[in-house]
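Coordinates as given in query.txt (compact mmCIF, N, CA and C atoms):
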# COMPACT_ATOMS: atom_id res chain seq x y z
N MET A 1 0.48 -18.20 41.57
CA MET A 1 0.27 -18.03 40.15
C MET A 1 1.61 -18.20 39.43
N GLN A 2 1.56 -18.90 38.33
CA GLN A 2 2.72 -19.09 37.47
C GLN A 2 2.73 -18.01 36.39
N ILE A 3 3.91 -17.60 35.96
CA ILE A 3 3.99 -16.56 34.93
C ILE A 3 3.30 -17.01 33.65
N GLU A 4 3.33 -18.31 33.35
CA GLU A 4 2.72 -18.81 32.12
C GLU A 4 1.21 -18.64 32.08
N THR A 5 0.59 -18.40 33.23
CA THR A 5 -0.86 -18.19 33.27
C THR A 5 -1.24 -16.73 33.49
N PHE A 6 -0.24 -15.86 33.63
CA PHE A 6 -0.46 -14.44 33.85
C PHE A 6 -0.80 -13.79 32.51
N PHE A 7 -2.01 -13.22 32.39
CA PHE A 7 -2.51 -12.73 31.10
C PHE A 7 -1.56 -11.76 30.40
N PRO A 8 -1.04 -10.73 31.06
CA PRO A 8 -0.12 -9.82 30.35
C PRO A 8 1.09 -10.53 29.75
N TYR A 9 1.60 -11.52 30.46
CA TYR A 9 2.74 -12.28 29.96
C TYR A 9 2.33 -13.08 28.72
N ARG A 10 1.21 -13.76 28.78
CA ARG A 10 0.74 -14.58 27.66
C ARG A 10 0.49 -13.71 26.42
N LEU A 11 -0.11 -12.54 26.65
CA LEU A 11 -0.37 -11.63 25.54
C LEU A 11 0.94 -11.15 24.91
N ALA A 12 1.90 -10.80 25.75
CA ALA A 12 3.20 -10.34 25.25
C ALA A 12 3.91 -11.45 24.48
N ILE A 13 3.87 -12.67 24.97
CA ILE A 13 4.52 -13.81 24.30
C ILE A 13 3.85 -14.06 22.95
N ALA A 14 2.52 -14.03 22.90
CA ALA A 14 1.80 -14.24 21.64
C ALA A 14 2.13 -13.14 20.64
N ALA A 15 2.10 -11.89 21.09
CA ALA A 15 2.40 -10.77 20.19
C ALA A 15 3.84 -10.84 19.69
N GLU A 16 4.76 -11.16 20.56
CA GLU A 16 6.17 -11.24 20.17
C GLU A 16 6.39 -12.38 19.17
N GLY A 17 5.79 -13.52 19.41
CA GLY A 17 5.93 -14.65 18.50
C GLY A 17 5.35 -14.35 17.13
N PHE A 18 4.18 -13.73 17.11
CA PHE A 18 3.54 -13.35 15.84
C PHE A 18 4.41 -12.34 15.11
N SER A 19 4.90 -11.35 15.83
CA SER A 19 5.74 -10.32 15.24
C SER A 19 7.04 -10.91 14.68
N ARG A 20 7.63 -11.86 15.36
CA ARG A 20 8.87 -12.49 14.88
C ARG A 20 8.64 -13.26 13.59
N ARG A 21 7.48 -13.90 13.45
CA ARG A 21 7.17 -14.60 12.20
C ARG A 21 7.12 -13.61 11.05
N LEU A 22 6.48 -12.47 11.28
CA LEU A 22 6.40 -11.47 10.23
C LEU A 22 7.78 -10.88 9.93
N ALA A 23 8.56 -10.69 10.98
CA ALA A 23 9.91 -10.15 10.81
C ALA A 23 10.79 -11.07 9.98
N SER A 24 10.47 -12.36 9.96
CA SER A 24 11.25 -13.28 9.14
C SER A 24 11.11 -12.92 7.66
N VAL A 25 10.02 -12.27 7.29
CA VAL A 25 9.83 -11.84 5.90
C VAL A 25 10.48 -10.48 5.67
N TYR A 26 10.00 -9.44 6.37
CA TYR A 26 10.52 -8.11 6.07
C TYR A 26 11.95 -7.92 6.54
N GLY A 27 12.38 -8.71 7.50
CA GLY A 27 13.75 -8.61 7.98
C GLY A 27 14.73 -9.34 7.09
N GLN A 28 14.50 -10.63 6.91
CA GLN A 28 15.45 -11.44 6.14
C GLN A 28 15.40 -11.13 4.66
N GLU A 29 14.21 -10.93 4.12
CA GLU A 29 14.10 -10.75 2.67
C GLU A 29 14.25 -9.30 2.22
N PHE A 30 13.94 -8.35 3.12
CA PHE A 30 13.97 -6.94 2.72
C PHE A 30 14.89 -6.08 3.57
N GLY A 31 15.54 -6.69 4.56
CA GLY A 31 16.54 -5.98 5.35
C GLY A 31 16.00 -4.89 6.24
N LEU A 32 14.76 -5.03 6.72
CA LEU A 32 14.16 -4.02 7.59
C LEU A 32 14.05 -4.53 9.01
N SER A 33 14.32 -3.66 9.97
CA SER A 33 14.07 -3.99 11.37
C SER A 33 12.58 -3.82 11.65
N ARG A 34 12.14 -4.29 12.78
CA ARG A 34 10.74 -4.14 13.18
C ARG A 34 10.35 -2.66 13.22
N GLU A 35 11.22 -1.84 13.77
CA GLU A 35 10.93 -0.41 13.87
C GLU A 35 10.85 0.24 12.48
N GLU A 36 11.78 -0.15 11.60
CA GLU A 36 11.76 0.39 10.24
C GLU A 36 10.50 -0.03 9.50
N TRP A 37 10.09 -1.30 9.66
CA TRP A 37 8.86 -1.79 9.02
C TRP A 37 7.65 -0.99 9.50
N ARG A 38 7.55 -0.81 10.80
CA ARG A 38 6.40 -0.07 11.35
C ARG A 38 6.37 1.36 10.83
N LEU A 39 7.51 2.00 10.81
CA LEU A 39 7.57 3.38 10.33
C LEU A 39 7.21 3.45 8.85
N LEU A 40 7.76 2.55 8.05
CA LEU A 40 7.46 2.52 6.62
C LEU A 40 5.97 2.27 6.40
N PHE A 41 5.39 1.37 7.18
CA PHE A 41 3.96 1.06 7.08
C PHE A 41 3.13 2.31 7.36
N LEU A 42 3.53 3.07 8.35
CA LEU A 42 2.76 4.25 8.73
C LEU A 42 2.90 5.41 7.75
N VAL A 43 4.03 5.52 7.07
CA VAL A 43 4.22 6.64 6.14
C VAL A 43 3.78 6.32 4.72
N LYS A 44 3.39 5.09 4.47
CA LYS A 44 3.06 4.68 3.11
C LYS A 44 1.89 5.45 2.50
N ASP A 45 1.00 5.98 3.32
CA ASP A 45 -0.19 6.67 2.82
C ASP A 45 -0.04 8.18 2.74
N GLY A 46 1.11 8.69 3.08
CA GLY A 46 1.33 10.12 3.01
C GLY A 46 2.17 10.61 4.16
N PRO A 47 2.53 11.89 4.13
CA PRO A 47 3.38 12.43 5.19
C PRO A 47 2.74 12.27 6.57
N ILE A 48 3.58 12.04 7.56
CA ILE A 48 3.12 11.90 8.93
C ILE A 48 4.15 12.56 9.84
N ASP A 49 3.67 13.29 10.83
CA ASP A 49 4.65 13.93 11.72
C ASP A 49 4.88 13.07 12.96
N SER A 50 5.93 13.40 13.67
CA SER A 50 6.37 12.57 14.80
C SER A 50 5.34 12.48 15.91
N SER A 51 4.49 13.47 16.11
CA SER A 51 3.48 13.37 17.17
C SER A 51 2.40 12.36 16.79
N VAL A 52 2.00 12.35 15.53
CA VAL A 52 1.01 11.37 15.07
C VAL A 52 1.62 9.98 15.11
N LEU A 53 2.85 9.88 14.69
CA LEU A 53 3.55 8.60 14.69
C LEU A 53 3.62 8.02 16.11
N ALA A 54 3.91 8.86 17.07
CA ALA A 54 4.00 8.40 18.46
C ALA A 54 2.66 7.86 18.96
N ARG A 55 1.57 8.47 18.52
CA ARG A 55 0.24 8.01 18.94
C ARG A 55 -0.17 6.71 18.26
N ARG A 56 0.38 6.44 17.09
CA ARG A 56 -0.07 5.29 16.30
C ARG A 56 0.84 4.07 16.39
N THR A 57 1.87 4.13 17.20
CA THR A 57 2.79 3.01 17.31
C THR A 57 3.32 2.91 18.73
N THR A 58 4.00 1.83 19.01
CA THR A 58 4.60 1.65 20.34
C THR A 58 6.06 2.09 20.37
N LEU A 59 6.51 2.72 19.30
CA LEU A 59 7.91 3.13 19.24
C LEU A 59 8.15 4.39 20.08
N ASP A 60 9.27 4.41 20.78
CA ASP A 60 9.63 5.61 21.52
C ASP A 60 10.43 6.54 20.61
N LYS A 61 10.76 7.71 21.12
CA LYS A 61 11.44 8.73 20.31
C LYS A 61 12.78 8.24 19.77
N VAL A 62 13.54 7.54 20.59
CA VAL A 62 14.85 7.05 20.16
C VAL A 62 14.69 6.02 19.04
N GLN A 63 13.72 5.11 19.19
CA GLN A 63 13.49 4.11 18.15
C GLN A 63 13.08 4.76 16.83
N VAL A 64 12.22 5.77 16.92
CA VAL A 64 11.77 6.48 15.71
C VAL A 64 12.96 7.18 15.06
N THR A 65 13.78 7.84 15.86
CA THR A 65 14.93 8.56 15.32
C THR A 65 15.89 7.61 14.61
N ARG A 66 16.22 6.51 15.26
CA ARG A 66 17.18 5.57 14.67
C ARG A 66 16.60 4.90 13.41
N ALA A 67 15.35 4.46 13.49
CA ALA A 67 14.73 3.81 12.34
C ALA A 67 14.60 4.78 11.17
N SER A 68 14.21 6.00 11.46
CA SER A 68 14.04 6.97 10.37
C SER A 68 15.39 7.33 9.75
N GLN A 69 16.44 7.39 10.55
CA GLN A 69 17.77 7.66 9.99
C GLN A 69 18.19 6.55 9.03
N ARG A 70 17.98 5.31 9.45
CA ARG A 70 18.36 4.18 8.60
C ARG A 70 17.52 4.16 7.32
N LEU A 71 16.21 4.41 7.43
CA LEU A 71 15.36 4.43 6.24
C LEU A 71 15.74 5.57 5.30
N GLU A 72 16.09 6.71 5.88
CA GLU A 72 16.50 7.84 5.05
C GLU A 72 17.83 7.53 4.35
N GLU A 73 18.77 6.91 5.06
CA GLU A 73 20.06 6.55 4.46
C GLU A 73 19.87 5.58 3.28
N ARG A 74 18.85 4.74 3.36
CA ARG A 74 18.57 3.79 2.28
C ARG A 74 17.72 4.42 1.17
N GLY A 75 17.30 5.68 1.36
CA GLY A 75 16.50 6.36 0.36
C GLY A 75 15.04 5.93 0.34
N LEU A 76 14.55 5.38 1.46
CA LEU A 76 13.18 4.88 1.52
C LEU A 76 12.19 5.90 2.06
N ILE A 77 12.68 6.86 2.84
CA ILE A 77 11.84 7.94 3.35
C ILE A 77 12.65 9.24 3.31
N THR A 78 11.94 10.35 3.48
CA THR A 78 12.59 11.63 3.72
C THR A 78 12.13 12.11 5.08
N ARG A 79 12.99 12.88 5.74
CA ARG A 79 12.65 13.49 7.03
C ARG A 79 12.94 14.98 6.92
N ARG A 80 12.09 15.75 7.54
CA ARG A 80 12.33 17.19 7.60
C ARG A 80 11.63 17.75 8.83
N THR A 81 12.01 18.94 9.20
CA THR A 81 11.35 19.62 10.30
C THR A 81 9.95 19.99 9.84
N ALA A 82 8.97 19.73 10.69
CA ALA A 82 7.58 20.05 10.35
C ALA A 82 7.43 21.56 10.20
N PRO A 83 6.78 22.01 9.14
CA PRO A 83 6.66 23.45 8.91
C PRO A 83 5.82 24.18 9.97
N ASN A 84 4.87 23.50 10.57
CA ASN A 84 3.98 24.15 11.54
C ASN A 84 4.48 24.05 12.98
N ASP A 85 5.49 23.22 13.24
CA ASP A 85 6.02 23.08 14.60
C ASP A 85 7.46 22.55 14.49
N ARG A 86 8.42 23.40 14.73
CA ARG A 86 9.82 23.04 14.54
C ARG A 86 10.32 21.96 15.49
N ARG A 87 9.54 21.63 16.52
CA ARG A 87 9.92 20.55 17.44
C ARG A 87 9.64 19.18 16.84
N LEU A 88 8.79 19.14 15.82
CA LEU A 88 8.37 17.88 15.22
C LEU A 88 9.12 17.59 13.93
N ARG A 89 9.20 16.33 13.59
CA ARG A 89 9.76 15.90 12.32
C ARG A 89 8.60 15.37 11.47
N GLU A 90 8.73 15.55 10.17
CA GLU A 90 7.73 15.03 9.25
C GLU A 90 8.42 13.99 8.37
N PHE A 91 7.77 12.86 8.22
CA PHE A 91 8.32 11.74 7.46
C PHE A 91 7.45 11.49 6.24
N GLU A 92 8.11 11.16 5.12
CA GLU A 92 7.38 10.88 3.90
C GLU A 92 8.09 9.75 3.15
N ILE A 93 7.31 8.86 2.59
CA ILE A 93 7.87 7.73 1.84
C ILE A 93 8.36 8.22 0.47
N THR A 94 9.42 7.60 -0.02
CA THR A 94 9.94 7.92 -1.35
C THR A 94 9.41 6.88 -2.34
N GLY A 95 9.72 7.07 -3.61
CA GLY A 95 9.34 6.08 -4.61
C GLY A 95 9.97 4.73 -4.34
N ASP A 96 11.25 4.74 -3.94
CA ASP A 96 11.93 3.48 -3.60
C ASP A 96 11.29 2.82 -2.38
N GLY A 97 10.91 3.65 -1.40
CA GLY A 97 10.25 3.12 -0.22
C GLY A 97 8.90 2.51 -0.55
N ARG A 98 8.16 3.19 -1.42
CA ARG A 98 6.85 2.68 -1.85
C ARG A 98 7.02 1.35 -2.59
N ALA A 99 8.04 1.25 -3.45
CA ALA A 99 8.29 0.02 -4.20
C ALA A 99 8.67 -1.13 -3.25
N LEU A 100 9.53 -0.84 -2.28
CA LEU A 100 9.92 -1.87 -1.33
C LEU A 100 8.71 -2.33 -0.52
N PHE A 101 7.91 -1.37 -0.06
CA PHE A 101 6.73 -1.74 0.73
C PHE A 101 5.77 -2.58 -0.12
N ALA A 102 5.57 -2.18 -1.38
CA ALA A 102 4.67 -2.91 -2.28
C ALA A 102 5.16 -4.34 -2.52
N ALA A 103 6.47 -4.54 -2.54
CA ALA A 103 7.03 -5.88 -2.71
C ALA A 103 6.92 -6.70 -1.42
N ALA A 104 7.14 -6.05 -0.27
CA ALA A 104 7.17 -6.77 1.01
C ALA A 104 5.78 -7.07 1.55
N PHE A 105 4.86 -6.14 1.41
CA PHE A 105 3.57 -6.29 2.09
C PHE A 105 2.82 -7.57 1.73
N PRO A 106 2.69 -7.94 0.47
CA PRO A 106 1.96 -9.19 0.18
C PRO A 106 2.58 -10.41 0.86
N GLN A 107 3.91 -10.43 0.96
CA GLN A 107 4.57 -11.55 1.61
C GLN A 107 4.34 -11.54 3.12
N VAL A 108 4.39 -10.35 3.72
CA VAL A 108 4.14 -10.22 5.15
C VAL A 108 2.68 -10.59 5.45
N GLU A 109 1.78 -10.09 4.61
CA GLU A 109 0.35 -10.39 4.78
C GLU A 109 0.10 -11.90 4.63
N ALA A 110 0.78 -12.55 3.70
CA ALA A 110 0.62 -13.99 3.51
C ALA A 110 1.11 -14.76 4.75
N MET A 111 2.21 -14.31 5.33
CA MET A 111 2.73 -14.95 6.54
C MET A 111 1.73 -14.80 7.68
N ALA A 112 1.15 -13.62 7.82
CA ALA A 112 0.14 -13.39 8.87
C ALA A 112 -1.08 -14.29 8.63
N ALA A 113 -1.53 -14.36 7.38
CA ALA A 113 -2.70 -15.17 7.05
C ALA A 113 -2.42 -16.65 7.29
N GLU A 114 -1.22 -17.09 6.95
CA GLU A 114 -0.86 -18.49 7.18
C GLU A 114 -0.90 -18.83 8.67
N THR A 115 -0.41 -17.92 9.48
CA THR A 115 -0.41 -18.14 10.93
C THR A 115 -1.84 -18.16 11.46
N LEU A 116 -2.64 -17.18 11.07
CA LEU A 116 -4.01 -17.09 11.56
C LEU A 116 -4.89 -18.22 11.04
N ALA A 117 -4.55 -18.77 9.88
CA ALA A 117 -5.32 -19.88 9.31
C ALA A 117 -5.23 -21.13 10.18
N ARG A 118 -4.25 -21.19 11.04
CA ARG A 118 -4.11 -22.34 11.93
C ARG A 118 -5.13 -22.31 13.07
N LEU A 119 -5.83 -21.18 13.21
CA LEU A 119 -6.86 -21.07 14.23
C LEU A 119 -8.19 -21.59 13.71
N ASP A 120 -8.95 -22.21 14.58
CA ASP A 120 -10.32 -22.56 14.26
C ASP A 120 -11.07 -21.26 13.96
N PRO A 121 -11.96 -21.23 12.96
CA PRO A 121 -12.66 -19.98 12.63
C PRO A 121 -13.36 -19.33 13.83
N GLY A 122 -13.93 -20.14 14.71
CA GLY A 122 -14.56 -19.58 15.91
C GLY A 122 -13.56 -18.94 16.85
N ASP A 123 -12.39 -19.58 16.98
CA ASP A 123 -11.33 -19.02 17.81
C ASP A 123 -10.80 -17.73 17.20
N ARG A 124 -10.68 -17.71 15.88
CA ARG A 124 -10.21 -16.50 15.19
C ARG A 124 -11.17 -15.35 15.43
N ALA A 125 -12.47 -15.61 15.29
CA ALA A 125 -13.48 -14.56 15.52
C ALA A 125 -13.44 -14.09 16.97
N ALA A 126 -13.28 -15.05 17.90
CA ALA A 126 -13.21 -14.68 19.32
C ALA A 126 -11.97 -13.85 19.60
N LEU A 127 -10.85 -14.21 18.97
CA LEU A 127 -9.61 -13.45 19.15
C LEU A 127 -9.79 -12.02 18.65
N GLU A 128 -10.35 -11.87 17.45
CA GLU A 128 -10.59 -10.53 16.89
C GLU A 128 -11.51 -9.72 17.82
N GLN A 129 -12.57 -10.34 18.28
CA GLN A 129 -13.51 -9.65 19.17
C GLN A 129 -12.84 -9.29 20.49
N GLY A 130 -12.05 -10.20 21.02
CA GLY A 130 -11.35 -9.93 22.27
C GLY A 130 -10.32 -8.82 22.14
N LEU A 131 -9.58 -8.82 21.03
CA LEU A 131 -8.60 -7.75 20.80
C LEU A 131 -9.30 -6.40 20.67
N ASP A 132 -10.41 -6.38 19.93
CA ASP A 132 -11.17 -5.13 19.79
C ASP A 132 -11.63 -4.63 21.16
N ALA A 133 -12.13 -5.54 21.99
CA ALA A 133 -12.60 -5.15 23.32
C ALA A 133 -11.45 -4.66 24.19
N LEU A 134 -10.32 -5.34 24.13
CA LEU A 134 -9.16 -4.94 24.92
C LEU A 134 -8.66 -3.56 24.49
N LEU A 135 -8.61 -3.32 23.19
CA LEU A 135 -8.16 -2.01 22.69
C LEU A 135 -9.13 -0.90 23.11
N ARG A 136 -10.43 -1.18 23.06
CA ARG A 136 -11.40 -0.17 23.53
C ARG A 136 -11.23 0.11 25.01
N ALA A 137 -11.01 -0.93 25.80
CA ALA A 137 -10.80 -0.76 27.24
C ALA A 137 -9.54 0.04 27.51
N MET A 138 -8.48 -0.24 26.74
CA MET A 138 -7.23 0.50 26.92
C MET A 138 -7.40 1.98 26.56
N ASP A 139 -8.18 2.24 25.50
CA ASP A 139 -8.43 3.63 25.10
C ASP A 139 -9.19 4.41 26.18
N ALA A 140 -9.98 3.70 26.98
CA ALA A 140 -10.78 4.35 28.00
C ALA A 140 -10.00 4.64 29.28
N LEU A 141 -8.80 4.08 29.39
CA LEU A 141 -7.98 4.28 30.59
C LEU A 141 -7.04 5.46 30.41
N PRO A 142 -6.65 6.10 31.51
CA PRO A 142 -5.65 7.17 31.39
C PRO A 142 -4.32 6.59 30.92
N VAL A 143 -3.57 7.38 30.18
CA VAL A 143 -2.26 6.96 29.67
C VAL A 143 -1.28 6.95 30.83
N PRO A 144 -0.56 5.83 31.02
CA PRO A 144 0.43 5.79 32.11
C PRO A 144 1.57 6.76 31.80
N PRO A 145 2.24 7.24 32.84
CA PRO A 145 3.36 8.17 32.61
C PRO A 145 4.46 7.51 31.82
N GLU A 146 5.16 8.31 31.01
CA GLU A 146 6.26 7.78 30.20
C GLU A 146 7.33 7.21 31.13
N GLY A 147 7.92 6.12 30.70
CA GLY A 147 8.95 5.48 31.50
C GLY A 147 8.39 4.43 32.43
N SER A 148 7.07 4.12 32.35
CA SER A 148 6.50 3.06 33.16
C SER A 148 7.09 1.73 32.72
N PRO A 149 7.37 0.85 33.65
CA PRO A 149 7.97 -0.43 33.26
C PRO A 149 6.99 -1.29 32.48
N GLU A 150 7.53 -2.07 31.53
CA GLU A 150 6.72 -3.01 30.78
C GLU A 150 6.76 -4.36 31.46
N LEU A 151 5.72 -5.15 31.26
CA LEU A 151 5.71 -6.51 31.80
C LEU A 151 6.22 -7.48 30.78

Represent the supplied structure as structure tokens.
Amino acid sequence: MQIETFFPYRLAIAAEGFSRRLASVYGQEFGLSREEWRLLFLVKDGPIDSSVLARRTTLDKVQVTRASQRLEERGLITRRTAPNDRRLREFEITGDGRALFAAAFPQVEAMAAETLARLDPGDRAALEQGLDALLRAMDALPVPPEGSPEL
């Protein structure tokens, strides 16, 4: 078997390529890293604590800490110790963060739409259905121990 035909590799390459296209917008035009974009996206709808954030993203604790520090330094989010559990941090978007997200999101969404528009409508539907099925299958599996190697 060649690595180019190994499904996990192909999926990772496709996801990375798609993510890099989007990063060309929020990174170059708005000065955000991938981690900062994901964190800003997750906090845009209201406060979120670090345990919820960990469940909703692929970011590890170090990535969250570094990204949140940079966003806080830029005045885009606030961080504080969660009132109900001092081990957790709570993140909230600021007015400046909301404005930046509102400016960036339509451009990021347009880049995603432009990329997906290159797919045949049947292929797009199949991709959406396949991703939904893969995510459901992953949810049904036990979570691997932290520190497991990635492919």

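Rounded to one decimal, atom C of Ala112 (chain A) and CA of Arg70 (chain A) lie 26.8 Å from each other.
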
- For Leu59 (chain A), list every protein, DNA or RNA residue within 9 Å, evaluated using only C-alpha atoms, and leave out those in the same chain fewer than 3 positions away; present the list as a ChimeraX atom specification. /A:35,38-39,53-54,56,62-64

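Distances here use only N, CA and C atoms; by that measure, the residue among A:Asp123, A:Glu29, A:Glu36, A:Glu4 closest to Ala67 (chain A) is A:Glu36.
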
- Neighbours of region 87-91 of chain A within 10 Å (only C-alpha atoms; same-chain residues fewer than 2 positions away dropped), as a list in words? Leu39, Leu40, Leu42, Val43, Lys44, Gly46, Pro47, Ile48, Asp49, Ser50, Ser51, Val52, Leu53, Thr65, Ser68, Glu72, Ile77, Thr78, Arg79, Arg80, Thr81, Ala82, Pro83, Asn84, Asp85, Ile93 and Thr94 of chain A

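From atom N of Asp96 (chain A) back to atom C of Glu114 (chain A), the distance works out to 29.4 Å.
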
- Message: What's the separation between atom C of Asp45 (chain A) and CA of Glu92 (chain A), in Å to one decimal place?
- Response: 8.0 Å

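Checking A:Ala102, A:Leu134, A:Ala140, A:Leu119 one by one against Phe41 (chain A), counting only C-alpha atoms, you find the shortest gap at A:Ala102.
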
- Message: Please return, as a PyMOL selection string, all residues of chain A that DSSP assigns to alpha helix (DSSP H) on the basis of the backbone.
- Response: chain A and resi 7-26+34-43+50-56+61-73+95-116+121-140

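The shortest atom-to-atom distance to Ser24 (chain A), with only N, CA and C atoms taken into account, belongs to A:Val108 out of A:Leu116, A:Val108, A:Val143, A:Ile3.
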
- as a ChimeraX atom specification, list the residues of chain A assigned to strand (DSSP E) by DSSP on the backbone atoms of this structure. /A:48-49,77-81,89-93

- Note on the structure: Using all atoms listed in the file, the best pick from A:Pro121, A:Gln129, A:Leu76, A:Phe30 as closest to Ala104 (chain A) would be A:Phe30

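Residue nearest Leu32 (chain A), chosen from A:Arg118, A:Arg55, A:Arg124, A:Arg74 and counting only C-alpha atoms: A:Arg74.
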